[in-house]
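Data from upload.csv: CSV, C-alpha atoms
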```csv
chain,number,residue,atom,x,y,z
A,1,MET,CA,-4.9,-8.3,-43.4
A,2,SER,CA,-1.6,-9.9,-42.9
A,3,ASP,CA,0.1,-10.6,-39.5
A,4,ALA,CA,2.5,-7.7,-40.1
A,5,ASP,CA,-0.4,-5.3,-40.5
A,6,LEU,CA,-2.1,-6.5,-37.4
A,7,GLU,CA,1.1,-6.2,-35.4
A,8,ARG,CA,1.6,-2.6,-36.7
A,9,ILE,CA,-1.9,-1.7,-35.7
A,10,ARG,CA,-1.5,-3.3,-32.3
A,11,GLN,CA,1.8,-1.4,-31.7
A,12,GLN,CA,0.1,1.9,-32.7
A,13,ARG,CA,-2.8,1.2,-30.3
A,14,MET,CA,-0.4,0.3,-27.5
A,15,ALA,CA,1.5,3.6,-28.1
A,16,GLN,CA,-1.8,5.5,-27.9
A,17,MET,CA,-2.8,3.8,-24.6
A,18,GLN,CA,0.5,4.5,-23.1
A,19,SER,CA,0.4,8.2,-24.0
A,20,GLN,CA,-3.1,8.5,-22.6
A,21,PHE,CA,-2.5,6.7,-19.3
A,22,GLY,CA,1.3,6.6,-18.7
A,23,GLY,CA,2.6,9.6,-20.5
A,24,GLY,CA,0.4,12.4,-19.3
A,25,ASN,CA,1.4,16.0,-19.5
A,26,ASP,CA,3.8,17.9,-17.4
A,27,ALA,CA,1.1,19.3,-15.0
A,28,GLU,CA,-0.1,15.7,-14.2
A,29,LYS,CA,3.4,14.5,-13.6
A,30,GLN,CA,4.1,17.5,-11.3
A,31,LYS,CA,0.9,16.9,-9.4
A,32,ALA,CA,1.7,13.2,-9.0
A,33,GLN,CA,5.2,14.1,-7.7
A,34,GLU,CA,3.8,16.7,-5.3
A,35,ASP,CA,1.3,14.0,-4.0
A,36,ARG,CA,4.2,11.6,-3.5
A,37,GLN,CA,6.2,14.2,-1.6
A,38,ARG,CA,3.2,15.1,0.5
A,39,GLN,CA,2.6,11.4,1.3
A,40,GLN,CA,6.3,11.0,2.3
A,41,GLU,CA,6.1,14.1,4.5
A,42,ASP,CA,2.9,12.8,6.2
A,43,ALA,CA,4.5,9.4,6.8
A,44,LYS,CA,7.6,11.1,8.3
A,45,ASN,CA,5.5,13.3,10.5
A,46,SER,CA,3.4,10.4,11.8
A,47,MET,CA,6.6,8.4,12.6
A,48,LEU,CA,8.1,11.4,14.4
A,49,SER,CA,4.9,11.9,16.4
A,50,GLN,CA,5.2,8.3,17.5
A,51,LEU,CA,8.9,8.5,18.3
A,52,LEU,CA,8.9,11.9,20.1
A,53,ASP,CA,6.9,13.1,23.1
A,54,GLN,CA,5.2,16.5,22.9
A,55,ASN,CA,8.0,18.6,24.3
A,56,ALA,CA,10.6,17.0,22.1
A,57,ARG,CA,8.4,17.5,19.1
A,58,ALA,CA,8.0,21.2,20.0
A,59,ARG,CA,11.8,21.5,20.3
A,60,LEU,CA,12.3,19.9,16.9
A,61,ASN,CA,9.8,22.2,15.4
A,62,THR,CA,11.6,25.2,16.9
A,63,LEU,CA,14.8,23.9,15.4
A,64,LYS,CA,13.1,23.5,12.1
A,65,ILE,CA,12.2,27.2,12.1
A,66,SER,CA,15.7,28.4,12.9
A,67,LYS,CA,17.8,25.8,11.1
A,68,PRO,CA,15.8,23.8,8.6
A,69,GLU,CA,18.7,21.8,7.2
A,70,LYS,CA,19.8,20.7,10.6
A,71,ALA,CA,16.3,19.8,11.6
A,72,GLN,CA,15.9,17.7,8.5
A,73,MET,CA,19.1,15.9,9.3
A,74,VAL,CA,18.0,15.2,12.9
A,75,GLU,CA,14.6,14.0,11.7
A,76,GLY,CA,16.2,11.5,9.3
A,77,MET,CA,18.7,10.4,12.0
A,78,ILE,CA,15.8,9.8,14.5
A,79,ILE,CA,13.9,7.7,11.9
A,80,ARG,CA,16.9,5.7,11.0
A,81,MET,CA,17.7,5.0,14.6
A,82,ALA,CA,14.2,3.9,15.3
A,83,GLN,CA,14.2,1.6,12.2
A,84,SER,CA,17.5,0.0,13.4
A,85,GLY,CA,16.1,-0.5,16.9
A,86,GLN,CA,18.4,2.0,18.6
A,87,ILE,CA,15.4,3.9,20.1
A,88,PRO,CA,13.4,1.6,22.5
A,89,GLY,CA,10.5,4.0,23.2
A,90,ARG,CA,9.6,7.6,22.8
A,91,LEU,CA,12.3,10.2,23.1
A,92,ASP,CA,11.6,12.9,25.7
A,93,ASP,CA,13.0,16.4,25.6
A,94,GLU,CA,16.1,15.6,27.6
A,95,GLN,CA,17.1,12.7,25.3
A,96,LEU,CA,16.5,14.9,22.2
A,97,ILE,CA,18.8,17.6,23.8
A,98,GLN,CA,21.5,15.0,24.4
A,99,LEU,CA,21.1,13.8,20.8
A,100,LEU,CA,21.4,17.4,19.5
A,101,GLU,CA,24.5,18.1,21.7
A,102,SER,CA,26.2,14.9,20.4
A,103,LEU,CA,25.4,16.0,16.9
A,104,ASN,CA,26.8,19.5,17.5
A,105,GLN,CA,30.1,18.0,18.7
A,106,GLN,CA,30.4,15.9,15.6
A,107,MET,CA,29.6,18.6,13.1
A,108,PRO,CA,32.2,21.1,12.2
A,109,LYS,CA,31.7,24.7,13.4
A,110,SER,CA,30.7,27.1,10.7
A,111,ASN,CA,32.2,30.5,10.8
A,112,SER,CA,29.4,32.7,9.8
A,113,THR,CA,30.1,36.4,10.2
A,114,VAL,CA,27.9,39.4,9.6
A,115,LYS,CA,29.6,42.5,8.2
A,116,PHE,CA,27.9,45.8,8.5
A,117,ASP,CA,29.1,48.6,6.3
A,118,ARG,CA,28.3,51.7,8.3
A,119,ARG,CA,29.2,54.0,5.4
A,120,ARG,CA,26.4,52.7,3.2
A,121,ALA,CA,23.8,52.5,5.9
A,122,ALA,CA,24.6,56.0,7.4
A,123,MET,CA,21.8,58.5,6.9
A,124,ASP,CA,22.7,62.1,6.7
A,125,SER,CA,20.6,64.8,8.4
A,126,SER,CA,18.6,65.6,5.2
A,127,ASP,CA,17.2,62.1,5.2
A,128,ASP,CA,15.7,62.7,8.7
A,129,GLU,CA,13.6,65.5,7.3
A,130,ASP,CA,12.2,63.4,4.5
A,131,TYR,CA,10.8,60.9,7.0
A,132,GLY,CA,9.3,63.5,9.4
A,133,LEU,CA,11.8,62.8,12.2
```
Would you mind writing the structure in this file as structure tokens?
Amino acid sequence: MSDADLERIRQQRMAQMQSQFGGGNDAEKQKAQEDRQRQQEDAKNSMLSQLLDQNARARLNTLKISKPEKAQMVEGMIIRMAQSGQIPGRLDDEQLIQLLESLNQQMPKSNSTVKFDRRRAAMDSSDDEDYGL
């Protein structure tokens, strides 16, 4: 065998090994990505549990239920503040409220309105009989 043949075989073998270990299929890639996201979420939650007392953590969880985007922004802001040394110890509920109020003043107000079309929602008397009312 010549050096060129050996090099060609070596490259083919390397390609096989990369496809076995590095390439993987889509399901494996998705599982690995989900694992990374779960690890990042766990790390974030452990940092927040160290930075917030129990009442502040409960308030943040309540905010997460009602306004998830805003809660994510607040969580990121708290972590960045702690990493830059702006938070000396644990934040209590009052300090978190002050942080949220200052954030609300900085954010533009969103004009969300709910319109209710009474004509479409109106039920006539024949509908009442169908429901046994």
>> I'd like the contact shell of range 70-78 of chain A - 12 Å cut-off, all atoms listed in the file, skipping same-chain residues fewer than 2 positions apart - returned as number ranges by chain.
In response: A: 41, 44-52, 56-68, 80-91, 95-97, 99-104, 107
>> What's the separation between CA of Gln98 in chain A and CA of Asn55 in chain A, in Å to one decimal place?
In response: 14.0 Å
> Please, what distance in Å, to one decimal, runs between CA of Lys109 in chain A and CA of Asp92 in chain A?
Replying inline: 26.4 Å
> In Å, how far is it from CA of Asp93 in chain A to CA of Gln106 in chain A?
Replying inline: 20.1 Å
>> Under the rule that all atoms listed in the file are counted, which of A:Glu94, A:Thr113, A:Ala43, A:Asp26 is the nearest residue to Ile79 in chain A?
In response: A:Ala43
Filtering to C-alpha atoms, could chain A of the supplied structure be written out as a PDB file, in the first residue's frame?
```pdb
ATOM      1  CA  MET A   1       0.000   0.000   0.000  1.00  0.00           C
ATOM      2  CA  SER A   2       1.167   3.452  -0.788  1.00  0.00           C
ATOM      3  CA  ASP A   3       1.093   6.472   1.514  1.00  0.00           C
ATOM      4  CA  ALA A   4      -1.830   7.919  -0.452  1.00  0.00           C
ATOM      5  CA  ASP A   5      -3.888   4.763   0.106  1.00  0.00           C
ATOM      6  CA  LEU A   6      -3.137   4.796   3.823  1.00  0.00           C
ATOM      7  CA  GLU A   7      -4.081   8.456   4.047  1.00  0.00           C
ATOM      8  CA  ARG A   8      -7.365   7.817   2.214  1.00  0.00           C
ATOM      9  CA  ILE A   9      -8.222   4.904   4.543  1.00  0.00           C
ATOM     10  CA  ARG A  10      -7.314   7.020   7.580  1.00  0.00           C
ATOM     11  CA  GLN A  11      -9.607   9.828   6.410  1.00  0.00           C
ATOM     12  CA  GLN A  12     -12.465   7.397   5.802  1.00  0.00           C
ATOM     13  CA  ARG A  13     -12.013   5.909   9.266  1.00  0.00           C
ATOM     14  CA  MET A  14     -11.936   9.405  10.826  1.00  0.00           C
ATOM     15  CA  ALA A  15     -15.166  10.305   9.026  1.00  0.00           C
ATOM     16  CA  GLN A  16     -16.804   7.120  10.366  1.00  0.00           C
ATOM     17  CA  MET A  17     -15.712   7.862  13.918  1.00  0.00           C
ATOM     18  CA  GLN A  18     -16.951  11.444  13.710  1.00  0.00           C
ATOM     19  CA  SER A  19     -20.333  10.350  12.415  1.00  0.00           C
ATOM     20  CA  GLN A  20     -20.624   7.767  15.218  1.00  0.00           C
ATOM     21  CA  PHE A  21     -19.599  10.011  18.081  1.00  0.00           C
ATOM     22  CA  GLY A  22     -19.890  13.626  16.963  1.00  0.00           C
ATOM     23  CA  GLY A  23     -22.576  13.565  14.346  1.00  0.00           C
ATOM     24  CA  GLY A  24     -25.373  11.691  16.002  1.00  0.00           C
ATOM     25  CA  ASN A  25     -28.934  11.874  14.834  1.00  0.00           C
ATOM     26  CA  ASP A  26     -31.456  14.638  15.411  1.00  0.00           C
ATOM     27  CA  ALA A  27     -33.003  12.986  18.465  1.00  0.00           C
ATOM     28  CA  GLU A  28     -29.624  12.802  20.215  1.00  0.00           C
ATOM     29  CA  LYS A  29     -28.864  16.412  19.363  1.00  0.00           C
ATOM     30  CA  GLN A  30     -32.258  17.527  20.660  1.00  0.00           C
ATOM     31  CA  LYS A  31     -31.786  15.521  23.869  1.00  0.00           C
ATOM     32  CA  ALA A  32     -28.349  17.058  24.397  1.00  0.00           C
ATOM     33  CA  GLN A  33     -29.773  20.543  23.836  1.00  0.00           C
ATOM     34  CA  GLU A  34     -32.617  19.879  26.298  1.00  0.00           C
ATOM     35  CA  ASP A  35     -30.070  18.650  28.852  1.00  0.00           C
ATOM     36  CA  ARG A  36     -28.015  21.836  28.434  1.00  0.00           C
ATOM     37  CA  GLN A  37     -31.146  23.987  28.834  1.00  0.00           C
ATOM     38  CA  ARG A  38     -32.162  22.046  31.936  1.00  0.00           C
ATOM     39  CA  GLN A  39     -28.681  22.474  33.428  1.00  0.00           C
ATOM     40  CA  GLN A  40     -28.747  26.210  32.708  1.00  0.00           C
ATOM     41  CA  GLU A  41     -32.201  26.506  34.281  1.00  0.00           C
ATOM     42  CA  ASP A  42     -31.039  24.577  37.356  1.00  0.00           C
ATOM     43  CA  ALA A  43     -27.972  26.816  37.692  1.00  0.00           C
ATOM     44  CA  LYS A  44     -30.133  29.924  37.382  1.00  0.00           C
ATOM     45  CA  ASN A  45     -32.590  28.633  39.992  1.00  0.00           C
ATOM     46  CA  SER A  46     -29.808  27.784  42.440  1.00  0.00           C
ATOM     47  CA  MET A  47     -28.294  31.261  42.015  1.00  0.00           C
ATOM     48  CA  LEU A  48     -31.675  32.895  42.561  1.00  0.00           C
ATOM     49  CA  SER A  49     -32.331  30.810  45.669  1.00  0.00           C
ATOM     50  CA  GLN A  50     -29.004  32.069  47.058  1.00  0.00           C
ATOM     51  CA  LEU A  51     -29.732  35.682  46.107  1.00  0.00           C
ATOM     52  CA  LEU A  52     -33.385  35.973  47.205  1.00  0.00           C
ATOM     53  CA  ASP A  53     -35.020  35.221  50.520  1.00  0.00           C
ATOM     54  CA  GLN A  54     -38.129  33.047  50.640  1.00  0.00           C
ATOM     55  CA  ASN A  55     -40.682  35.877  50.365  1.00  0.00           C
ATOM     56  CA  ALA A  56     -38.863  37.535  47.463  1.00  0.00           C
ATOM     57  CA  ARG A  57     -38.578  34.187  45.690  1.00  0.00           C
ATOM     58  CA  ALA A  58     -42.324  33.638  46.136  1.00  0.00           C
ATOM     59  CA  ARG A  59     -43.047  37.104  44.723  1.00  0.00           C
ATOM     60  CA  LEU A  60     -40.819  36.406  41.721  1.00  0.00           C
ATOM     61  CA  ASN A  61     -42.587  33.075  41.110  1.00  0.00           C
ATOM     62  CA  THR A  62     -45.949  34.852  41.240  1.00  0.00           C
ATOM     63  CA  LEU A  63     -44.664  37.364  38.702  1.00  0.00           C
ATOM     64  CA  LYS A  64     -43.457  34.494  36.531  1.00  0.00           C
ATOM     65  CA  ILE A  65     -46.991  33.096  36.411  1.00  0.00           C
ATOM     66  CA  SER A  66     -48.628  36.379  35.438  1.00  0.00           C
ATOM     67  CA  LYS A  67     -45.904  37.937  33.273  1.00  0.00           C
ATOM     68  CA  PRO A  68     -43.272  35.354  32.263  1.00  0.00           C
ATOM     69  CA  GLU A  69     -41.308  37.707  29.974  1.00  0.00           C
ATOM     70  CA  LYS A  70     -40.970  40.320  32.687  1.00  0.00           C
ATOM     71  CA  ALA A  71     -39.989  37.696  35.270  1.00  0.00           C
ATOM     72  CA  GLN A  72     -37.253  36.384  32.961  1.00  0.00           C
ATOM     73  CA  MET A  73     -35.940  39.895  32.527  1.00  0.00           C
ATOM     74  CA  VAL A  74     -35.932  40.479  36.298  1.00  0.00           C
ATOM     75  CA  GLU A  75     -34.183  37.159  36.938  1.00  0.00           C
ATOM     76  CA  GLY A  76     -31.479  37.996  34.426  1.00  0.00           C
ATOM     77  CA  MET A  77     -31.086  41.458  35.894  1.00  0.00           C
ATOM     78  CA  ILE A  78     -30.724  40.096  39.440  1.00  0.00           C
ATOM     79  CA  ILE A  79     -28.094  37.584  38.336  1.00  0.00           C
ATOM     80  CA  ARG A  80     -26.135  40.245  36.421  1.00  0.00           C
ATOM     81  CA  MET A  81     -26.300  42.592  39.408  1.00  0.00           C
ATOM     82  CA  ALA A  82     -24.993  39.856  41.703  1.00  0.00           C
ATOM     83  CA  GLN A  83     -22.167  38.968  39.313  1.00  0.00           C
ATOM     84  CA  SER A  84     -21.095  42.601  39.111  1.00  0.00           C
ATOM     85  CA  GLY A  85     -21.191  42.939  42.920  1.00  0.00           C
ATOM     86  CA  GLN A  86     -24.157  45.319  43.107  1.00  0.00           C
ATOM     87  CA  ILE A  87     -26.059  42.985  45.446  1.00  0.00           C
ATOM     88  CA  PRO A  88     -24.179  42.615  48.733  1.00  0.00           C
ATOM     89  CA  GLY A  89     -26.355  39.888  50.310  1.00  0.00           C
ATOM     90  CA  ARG A  90     -29.749  38.352  49.901  1.00  0.00           C
ATOM     91  CA  LEU A  91     -32.569  40.484  48.567  1.00  0.00           C
ATOM     92  CA  ASP A  92     -35.652  40.556  50.734  1.00  0.00           C
ATOM     93  CA  ASP A  93     -39.193  41.164  49.574  1.00  0.00           C
ATOM     94  CA  GLU A  94     -39.044  44.950  50.086  1.00  0.00           C
ATOM     95  CA  GLN A  95     -35.854  45.274  48.059  1.00  0.00           C
ATOM     96  CA  LEU A  96     -37.341  43.182  45.262  1.00  0.00           C
ATOM     97  CA  ILE A  97     -40.432  45.412  45.257  1.00  0.00           C
ATOM     98  CA  GLN A  98     -38.213  48.493  44.946  1.00  0.00           C
ATOM     99  CA  LEU A  99     -36.333  46.835  42.088  1.00  0.00           C
ATOM    100  CA  LEU A 100     -39.598  46.000  40.317  1.00  0.00           C
ATOM    101  CA  GLU A 101     -40.937  49.530  40.806  1.00  0.00           C
ATOM    102  CA  SER A 102     -37.786  51.079  39.347  1.00  0.00           C
ATOM    103  CA  LEU A 103     -38.010  48.650  36.446  1.00  0.00           C
ATOM    104  CA  ASN A 104     -41.666  49.590  35.861  1.00  0.00           C
ATOM    105  CA  GLN A 105     -40.725  53.278  35.686  1.00  0.00           C
ATOM    106  CA  GLN A 106     -38.048  52.554  33.096  1.00  0.00           C
ATOM    107  CA  MET A 107     -40.230  50.376  30.896  1.00  0.00           C
ATOM    108  CA  PRO A 108     -42.697  51.973  28.500  1.00  0.00           C
ATOM    109  CA  LYS A 109     -46.336  51.433  29.282  1.00  0.00           C
ATOM    110  CA  SER A 110     -48.084  48.998  27.018  1.00  0.00           C
ATOM    111  CA  ASN A 111     -51.573  49.916  25.993  1.00  0.00           C
ATOM    112  CA  SER A 112     -53.324  46.592  26.041  1.00  0.00           C
ATOM    113  CA  THR A 113     -57.038  46.798  25.559  1.00  0.00           C
ATOM    114  CA  VAL A 114     -59.686  44.154  25.489  1.00  0.00           C
ATOM    115  CA  LYS A 115     -62.580  44.629  23.122  1.00  0.00           C
ATOM    116  CA  PHE A 116     -65.713  42.652  23.670  1.00  0.00           C
ATOM    117  CA  ASP A 117     -68.119  42.360  20.787  1.00  0.00           C
ATOM    118  CA  ARG A 118     -71.506  41.970  22.435  1.00  0.00           C
ATOM    119  CA  ARG A 119     -73.268  41.213  19.178  1.00  0.00           C
ATOM    120  CA  ARG A 120     -71.247  38.028  18.620  1.00  0.00           C
ATOM    121  CA  ALA A 121     -71.450  36.868  22.215  1.00  0.00           C
ATOM    122  CA  ALA A 122     -75.143  37.607  22.663  1.00  0.00           C
ATOM    123  CA  MET A 123     -77.283  34.570  23.128  1.00  0.00           C
ATOM    124  CA  ASP A 124     -80.891  34.668  22.052  1.00  0.00           C
ATOM    125  CA  SER A 125     -83.662  33.055  24.057  1.00  0.00           C
ATOM    126  CA  SER A 126     -83.680  29.859  21.969  1.00  0.00           C
ATOM    127  CA  ASP A 127     -80.115  29.128  23.148  1.00  0.00           C
ATOM    128  CA  ASP A 128     -81.285  29.135  26.787  1.00  0.00           C
ATOM    129  CA  GLU A 129     -83.632  26.249  26.102  1.00  0.00           C
ATOM    130  CA  ASP A 130     -80.849  24.156  24.583  1.00  0.00           C
ATOM    131  CA  TYR A 131     -78.829  24.362  27.792  1.00  0.00           C
ATOM    132  CA  GLY A 132     -81.705  23.658  30.122  1.00  0.00           C
ATOM    133  CA  LEU A 133     -81.806  27.170  31.595  1.00  0.00           C
TER     134      LEU A 133
END
```
